[in-house]
Structures are given as C-alpha cells and as structure tokens.
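So the structure is just underneath, and the comments pick up after that.
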Amino acid sequence: MGARPSKLSQRDPSVESNNNPSSNQSVSSPTVVIDGRIYHNIESSSYCLPRDEEEQDRLNSEHFAIKALFTSNILPYVEQRLPDDANILDLGCGSGSWVMEMAIEHPNARVTGIDMSDMFPAAIRPENVTFKLTNIIDGLPYDDNTFDFVHMRQLIVGLRATEWPNVITEIFRVLKPGGLVQLVESDFTVDRGQDPWIASKLEQLLSDRTFDDIHQETRTIEFGKEGDPIAGEMMWSWKSAMRSLKPFLADRLLKNPDEYNVVIERYFQECTHYHWHMKIWALCARKPSSLVASS
C-alpha cells in the first residue's frame, strides 16, 4: 500500500526536521489546577497524573530506575538490530528523558518524542531531537513505514483497555518493514477504564497484530529490600503518584477523604514491612520485513 497518515490525524512534517523548536510547542495542552497541582484537562484521555514540575521529577526518577533495572534504555535484541541512522519515535515521552538519552547515545539517529502534555524541553536539547504535542489515542500523525523503532513505556494509566489494540495497530503501521517496537509496562493502575493486567497481555497483543520475533524480559522489584536503590527509587515514584491521585481516589476509597494521606502513608509502610513486589515487563518485537501496513 502507498504511504499515508492515520485517518485519525494529519501528517507531521516535523519528523523530517528539528530546526524550528518553537513550532513544536506552538500550542500548550489544556490544564486544570486541583489542590495546588496542575493536571491534564483533556476529556478524551484517561490519564490522571499531573503535568507539573513535581511530576517531571517523578518521571525522571522512574526513568533512571527502569533504565538501571534493565541496564539500558533498550533491550539487547533492539540494540543489536537498530540502524545507526535510525528514525526513532517515543510515544508518551513525558519529560523527555528517554528521548534525550537515546539521541546522545545514538548521535546519527533522529529521535522524536510525542506526548499530549508539553512537559518536554522547549529549546535545550540535542540537535537530533524533535518533540511534538500529540495525543496518541487520536492516531499517530505520521505516514506508513516511517520509523525504524517505536518505544512506549508506562502508558498503563494513559490508555483504556479498549484503546490498546488500536495503539498497537498504529505502531505497526508507522514502522518500516523490519522495524522494531519496545514496550515497557508494570502492574499499576487506577480505575478509569484501564486494564490492570495489560503488561502480561502485551505479548498476545503484539502477536495478534502479526509482529514476530517477540522477546520478553521481566524484572521484579522488592520494596523494603535493604541496600536496593532501584527499589527505593521506584517506591518514591509510586508514593508520589499515589499522593497526586488523591483528587480521583479519596472519595472512592474512603468515607472521610481527608484521611487519604494518612491511609496512603500507612499502606506504603506495610508494603515495605511485608516486602511487597512490583513486576515490570519489557517486550520487543519486529514488524515482518515482507509486509507493508494494510488499510
């Protein structure tokens, strides 16, 4: 089939250039302030975490913890097959840490990060980086067969259960034949239509969309384990996320919402005391070289 953008969106010419940083931030995403925190105000999205500086700190902490957990930003299968001049796309790029590091580690590659929130750097970034304000549930604004590698991480809170198949289909469409995908997810969610077990279902989703060479790695984090800085960092990140979810959870969970912070603190004390575990899945796969995305 001929190259075409998603029917849900328009083609983005900035994938070919990053020389106009201001064009990537010409529109700011809508927000709402609740209890002093800045949240997304996009009705179509299930994402309910904030988009302020405190959340940027949390995302950066989570990025470095996950990188340390898997010892790299990408799995060995991807590293061994990624072209030197790869065209790379990061979906839900957040603060842009993964994008920035990949651009530095792969200086001949072009790395594009997209997110519905403009938390990514506005100007100070490597020359081979482009950021764009895009909501992935509206479709990816790129032609078929555009990217060598698509990365997506920790979108469990950002996608409803019904939205995952379409996002995987869009990833397949924009990948070049032989292109690579990497997905990283954990078993954490809140009840706004998300699937709390999506991480364990990713392999089947990739298989259903005819990706091949599917590889999966898992890591388990034990909270309360002495001398484990990764567990400590992920605990801090998770605690920060739960505190920021107070506007959405307090009324649902408690008769007295004012007790939310005390209850959350007690909960994390018990997680540490009883060495609660969190599992993280990382999967990569390849779009068959003989196929072109179908309509």
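Quick note on naming: the chains in the structure tokens go A, B, ... in the order shown, residues restart at 1 in each chain, and ligands are numbered from 1 in order of appearance.
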
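Residues surrounding segment 32-49 of chain A within 9 Å are Glu55, Met116, Ser117, Asn135, Ile137, Leu155, Ile156, Val157, Gly158, Leu159, Arg160, Val190, Arg192, Gly193, Gln194, Ala241, Met242, Ser244, Leu245, Pro247 and Phe248 of chain A [only C-alpha atoms; sequence separation below 6 positions excluded].
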
Please save N, CA, C and O atoms of the selected residues as an mmCIF file, in the first residue's frame.
```cif
data_model
loop_
_atom_site.group_PDB
_atom_site.id
_atom_site.type_symbol
_atom_site.label_atom_id
_atom_site.label_comp_id
_atom_site.auth_asym_id
_atom_site.auth_seq_id
_atom_site.Cartn_x
_atom_site.Cartn_y
_atom_site.Cartn_z
ATOM 1 N N GLU A 55 5.755 16.438 38.989
ATOM 2 C CA GLU A 55 5.553 15.224 38.213
ATOM 3 C C GLU A 55 6.739 14.961 37.278
ATOM 4 O O GLU A 55 7.119 13.807 37.051
ATOM 5 N N MET A 116 0.768 14.171 24.892
ATOM 6 C CA MET A 116 -0.361 15.100 24.902
ATOM 7 C C MET A 116 -0.092 16.294 25.810
ATOM 8 O O MET A 116 -0.839 17.273 25.801
ATOM 9 N N SER A 117 0.969 16.218 26.597
ATOM 10 C CA SER A 117 1.352 17.298 27.502
ATOM 11 C C SER A 117 2.737 17.809 27.149
ATOM 12 O O SER A 117 3.656 17.035 26.908
ATOM 13 N N ASN A 135 -1.807 13.633 21.011
ATOM 14 C CA ASN A 135 -2.482 12.629 21.825
ATOM 15 C C ASN A 135 -2.559 11.341 21.015
ATOM 16 O O ASN A 135 -3.235 11.277 19.985
ATOM 17 N N ILE A 137 -4.051 8.597 21.302
ATOM 18 C CA ILE A 137 -5.324 7.903 21.093
ATOM 19 C C ILE A 137 -6.083 8.480 19.899
ATOM 20 O O ILE A 137 -7.054 7.868 19.431
ATOM 21 N N LEU A 155 2.467 3.432 29.904
ATOM 22 C CA LEU A 155 1.217 4.046 29.456
ATOM 23 C C LEU A 155 0.002 3.339 30.054
ATOM 24 O O LEU A 155 -1.123 3.544 29.611
ATOM 25 N N ILE A 156 0.224 2.518 31.084
ATOM 26 C CA ILE A 156 -0.860 1.778 31.702
ATOM 27 C C ILE A 156 -1.935 2.695 32.261
ATOM 28 O O ILE A 156 -3.120 2.374 32.237
ATOM 29 N N VAL A 157 -1.545 3.867 32.751
ATOM 30 C CA VAL A 157 -2.511 4.832 33.267
ATOM 31 C C VAL A 157 -3.070 5.697 32.143
ATOM 32 O O VAL A 157 -4.143 6.270 32.265
ATOM 33 N N GLY A 158 -2.357 5.765 31.021
ATOM 34 C CA GLY A 158 -2.741 6.664 29.945
ATOM 35 C C GLY A 158 -3.690 6.070 28.920
ATOM 36 O O GLY A 158 -4.282 6.815 28.132
ATOM 37 N N LEU A 159 -3.833 4.734 28.903
ATOM 38 C CA LEU A 159 -4.675 4.095 27.897
ATOM 39 C C LEU A 159 -5.745 3.234 28.552
ATOM 40 O O LEU A 159 -5.458 2.479 29.482
ATOM 41 N N ARG A 160 -6.950 3.334 28.055
ATOM 42 C CA ARG A 160 -8.011 2.433 28.486
ATOM 43 C C ARG A 160 -7.802 1.058 27.859
ATOM 44 O O ARG A 160 -7.121 0.924 26.840
ATOM 45 N N VAL A 190 -5.218 2.752 38.014
ATOM 46 C CA VAL A 190 -6.369 3.219 38.780
ATOM 47 C C VAL A 190 -7.600 2.928 37.936
ATOM 48 O O VAL A 190 -7.506 2.661 36.753
ATOM 49 N N ARG A 192 -10.075 3.902 35.874
ATOM 50 C CA ARG A 192 -10.713 4.828 34.938
ATOM 51 C C ARG A 192 -10.790 4.166 33.557
ATOM 52 O O ARG A 192 -10.583 4.784 32.535
ATOM 53 N N GLY A 193 -11.065 2.873 33.581
ATOM 54 C CA GLY A 193 -11.197 2.122 32.345
ATOM 55 C C GLY A 193 -9.922 1.438 31.906
ATOM 56 O O GLY A 193 -9.890 0.785 30.857
ATOM 57 N N GLN A 194 -8.829 1.577 32.685
ATOM 58 C CA GLN A 194 -7.572 0.932 32.322
ATOM 59 C C GLN A 194 -7.600 -0.558 32.652
ATOM 60 O O GLN A 194 -8.454 -1.021 33.405
ATOM 61 N N ALA A 241 3.147 9.219 42.976
ATOM 62 C CA ALA A 241 1.998 9.068 42.079
ATOM 63 C C ALA A 241 0.706 8.900 42.863
ATOM 64 O O ALA A 241 -0.315 9.517 42.544
ATOM 65 N N MET A 242 0.736 8.077 43.904
ATOM 66 C CA MET A 242 -0.473 7.835 44.691
ATOM 67 C C MET A 242 -0.934 9.100 45.415
ATOM 68 O O MET A 242 -2.139 9.363 45.522
ATOM 69 N N SER A 244 -0.530 12.107 44.315
ATOM 70 C CA SER A 244 -1.087 13.015 43.311
ATOM 71 C C SER A 244 -2.443 12.539 42.788
ATOM 72 O O SER A 244 -3.176 13.306 42.174
ATOM 73 N N LEU A 245 -2.790 11.280 43.041
ATOM 74 C CA LEU A 245 -4.083 10.748 42.616
ATOM 75 C C LEU A 245 -5.197 11.001 43.632
ATOM 76 O O LEU A 245 -6.326 10.551 43.438
ATOM 77 N N PRO A 247 -7.160 13.503 44.268
ATOM 78 C CA PRO A 247 -8.445 14.046 43.795
ATOM 79 C C PRO A 247 -9.345 13.009 43.134
ATOM 80 O O PRO A 247 -10.568 13.193 43.074
ATOM 81 N N PHE A 248 -8.764 11.929 42.645
ATOM 82 C CA PHE A 248 -9.533 10.919 41.919
ATOM 83 C C PHE A 248 -9.872 9.698 42.779
ATOM 84 O O PHE A 248 -10.814 8.971 42.478
#
```

Report task. Just list the residues in segment 20-216 of chain A DSSP gives strand (DSSP E or B) on the backbone, as a ChimeraX atom specification. Result -> /A:31-34,37-40,50,87-91,110-115,129-133,147-153,175-186,212-216

Writing out the chosen residues with N, CA and C atoms as a compact mmCIF listing (two decimals), in the first residue's frame:
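Resulting contents of part.txt:
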```txt
# COMPACT_ATOMS: atom_id res chain seq x y z
N THR A 31 -5.08 22.52 30.85
CA THR A 31 -4.79 22.08 32.21
C THR A 31 -5.87 22.54 33.18
N VAL A 32 -5.86 21.94 34.37
CA VAL A 32 -6.72 22.35 35.46
C VAL A 32 -5.92 22.22 36.76
N VAL A 33 -6.09 23.15 37.69
CA VAL A 33 -5.37 23.13 38.97
C VAL A 33 -6.29 22.58 40.05
N ILE A 34 -5.82 21.52 40.73
CA ILE A 34 -6.57 20.90 41.82
C ILE A 34 -5.65 20.75 43.01
N ARG A 37 -1.94 21.31 42.50
CA ARG A 37 -1.24 20.53 41.47
C ARG A 37 -1.89 20.80 40.11
N ILE A 38 -1.07 20.77 39.06
CA ILE A 38 -1.55 21.02 37.70
C ILE A 38 -1.80 19.68 37.01
N TYR A 39 -3.03 19.47 36.52
CA TYR A 39 -3.42 18.22 35.88
C TYR A 39 -3.81 18.47 34.42
N HIS A 40 -3.74 17.39 33.64
CA HIS A 40 -4.28 17.44 32.29
C HIS A 40 -5.78 17.72 32.35
N PRO A 50 -0.50 14.28 37.28
CA PRO A 50 -0.28 15.70 37.00
C PRO A 50 0.68 15.93 35.83
N ASN A 87 15.46 6.17 12.53
CA ASN A 87 14.41 7.14 12.80
C ASN A 87 13.57 6.56 13.94
N ILE A 88 13.59 7.21 15.11
CA ILE A 88 13.05 6.65 16.34
C ILE A 88 11.89 7.50 16.84
N LEU A 89 10.84 6.85 17.33
CA LEU A 89 9.67 7.53 17.88
C LEU A 89 9.39 7.03 19.28
N ASP A 90 9.20 7.97 20.22
CA ASP A 90 8.84 7.63 21.60
C ASP A 90 7.43 8.13 21.86
N LEU A 91 6.52 7.22 22.20
CA LEU A 91 5.13 7.56 22.45
C LEU A 91 4.90 7.83 23.93
N ARG A 110 17.66 9.99 14.40
CA ARG A 110 16.70 11.07 14.61
C ARG A 110 15.68 10.56 15.61
N VAL A 111 15.46 11.29 16.70
CA VAL A 111 14.60 10.82 17.78
C VAL A 111 13.47 11.82 17.99
N THR A 112 12.24 11.33 17.86
CA THR A 112 11.04 12.16 18.03
C THR A 112 10.27 11.69 19.25
N GLY A 113 9.91 12.61 20.12
CA GLY A 113 9.08 12.30 21.27
C GLY A 113 7.74 13.00 21.14
N ILE A 114 6.65 12.26 21.37
CA ILE A 114 5.33 12.89 21.32
C ILE A 114 4.58 12.62 22.63
N ASP A 115 3.78 13.59 23.04
CA ASP A 115 3.00 13.48 24.26
C ASP A 115 1.84 14.46 24.16
N VAL A 129 16.91 15.82 18.05
CA VAL A 129 15.68 15.57 18.81
C VAL A 129 14.57 16.49 18.33
N THR A 130 13.38 15.94 18.21
CA THR A 130 12.16 16.70 17.92
C THR A 130 11.08 16.28 18.91
N PHE A 131 10.34 17.25 19.45
CA PHE A 131 9.20 16.96 20.31
C PHE A 131 7.94 17.51 19.65
N LYS A 132 6.84 16.79 19.85
CA LYS A 132 5.57 17.24 19.27
C LYS A 132 4.43 16.97 20.24
N LEU A 133 3.49 17.91 20.31
CA LEU A 133 2.31 17.78 21.15
C LEU A 133 1.25 16.98 20.38
N PHE A 147 9.18 4.85 10.64
CA PHE A 147 10.16 4.72 11.72
C PHE A 147 10.84 3.34 11.74
N ASP A 148 12.10 3.36 12.18
CA ASP A 148 12.85 2.12 12.38
C ASP A 148 12.57 1.51 13.75
N PHE A 149 12.16 2.36 14.70
CA PHE A 149 11.99 1.90 16.08
C PHE A 149 10.96 2.77 16.77
N VAL A 150 9.97 2.14 17.41
CA VAL A 150 8.97 2.85 18.21
C VAL A 150 9.04 2.32 19.64
N HIS A 151 9.10 3.25 20.58
CA HIS A 151 9.22 2.92 22.00
C HIS A 151 8.01 3.48 22.75
N MET A 152 7.48 2.72 23.69
CA MET A 152 6.40 3.21 24.54
C MET A 152 6.55 2.59 25.93
N ARG A 153 6.43 3.42 26.96
CA ARG A 153 6.70 2.94 28.33
C ARG A 153 5.73 3.56 29.32
N LEU A 175 5.72 1.80 11.57
CA LEU A 175 7.02 1.15 11.49
C LEU A 175 7.34 0.74 10.06
N LYS A 176 8.61 0.88 9.70
CA LYS A 176 9.07 0.34 8.42
C LYS A 176 9.02 -1.18 8.46
N PRO A 177 8.87 -1.87 7.33
CA PRO A 177 9.04 -3.32 7.34
C PRO A 177 10.38 -3.70 7.97
N GLY A 178 10.36 -4.60 8.93
CA GLY A 178 11.57 -4.94 9.67
C GLY A 178 11.83 -4.04 10.86
N GLY A 179 10.96 -3.02 11.05
CA GLY A 179 11.13 -2.09 12.15
C GLY A 179 10.86 -2.73 13.51
N LEU A 180 11.32 -2.08 14.56
CA LEU A 180 11.30 -2.64 15.91
C LEU A 180 10.39 -1.85 16.84
N VAL A 181 9.78 -2.56 17.78
CA VAL A 181 8.98 -1.92 18.80
C VAL A 181 9.44 -2.42 20.16
N GLN A 182 9.41 -1.53 21.16
CA GLN A 182 9.70 -1.93 22.54
C GLN A 182 8.64 -1.32 23.46
N LEU A 183 8.03 -2.17 24.29
CA LEU A 183 7.00 -1.76 25.24
C LEU A 183 7.45 -2.12 26.64
N VAL A 184 7.28 -1.21 27.59
CA VAL A 184 7.64 -1.46 28.99
C VAL A 184 6.45 -1.04 29.85
N GLU A 185 5.93 -1.98 30.65
CA GLU A 185 4.78 -1.68 31.50
C GLU A 185 4.90 -2.40 32.83
N SER A 186 4.18 -1.90 33.81
CA SER A 186 4.14 -2.51 35.14
C SER A 186 2.70 -2.83 35.51
N ASP A 212 6.54 -10.26 14.76
CA ASP A 212 7.24 -11.51 15.01
C ASP A 212 8.51 -11.26 15.82
N ASP A 213 9.25 -12.32 16.08
CA ASP A 213 10.46 -12.26 16.93
C ASP A 213 10.17 -11.55 18.25
N ILE A 214 9.08 -11.92 18.90
CA ILE A 214 8.70 -11.27 20.16
C ILE A 214 9.59 -11.78 21.29
N HIS A 215 10.23 -10.85 21.98
CA HIS A 215 11.09 -11.18 23.12
C HIS A 215 10.55 -10.47 24.35
N GLN A 216 10.55 -11.16 25.47
CA GLN A 216 10.02 -10.60 26.71
C GLN A 216 11.00 -10.81 27.86
```

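With only C-alpha atoms as the atoms that count, the residue of A:Asn108, A:Thr218, A:Phe120, A:Cys93 with the shortest distance to Glu53 of chain A is A:Phe120.
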
Query raised in the report: How far is it from atom CA of Leu253 of chain A to atom CA of Gly92 of chain A, in Å with one decimal?
Result: 28.4 Å

Query - Shell of 10 Å around Phe64 of chain A, only C-alpha atoms, local chain residues under 4 positions omitted, as a PyMOL selection string - result: chain A and resi 59-60+68-69+71-73+97-98+230+233-234

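The closest residue to Gln204 of chain A, picked from A:Trp238, A:Thr272, A:Ala285, A:Glu226 and counting only C-alpha atoms, is A:Ala285.
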
Query - Of the listed residues A:Ala65, A:Glu163, A:Arg125, A:Lys246, that which approaches Asp195 of chain A most closely, counting only C-alpha atoms - result: A:Glu163

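We find atom CA of Pro141 of chain A and atom CA of Asn166 of chain A to be spaced 13.9 Å apart.
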
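The smallest atom-to-atom distance between Leu206 of chain A and any of A:Arg286, A:Arg58, A:His63, A:Arg51, using only C-alpha atoms, is found for A:Arg286.
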
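Coordinates place atom CA of Arg219 of chain A at a distance of 8.4 Å from atom CA of Met278 of chain A.
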
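Distances to Phe211 of chain A were evaluated for A:Ser237, A:Asn128, A:Thr169, A:Asn256 using only C-alpha atoms, and the minimum falls at A:Thr169.
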
Requested in this report: Quick one: pick out all alpha helix (DSSP H) residues within segment 86-208 of chain A from a backbone DSSP run and write them as a PyMOL selection string.
Outcome: chain A and resi 97-105+164-174+198-208

**Report entry** Surrounding residues of Tyr274 of chain A excluding itself and chain neighbours under 4 positions, 10 Å, only C-alpha atoms, as JSON, numbers by chain
**Finding:** {"A": [222, 223, 224, 225, 268, 269, 270]}

Query - For His277 of chain A, the nearest of the candidates A:Asp187, A:Glu217, A:Asp208, A:Glu127, counting only C-alpha atoms - result: A:Asp187
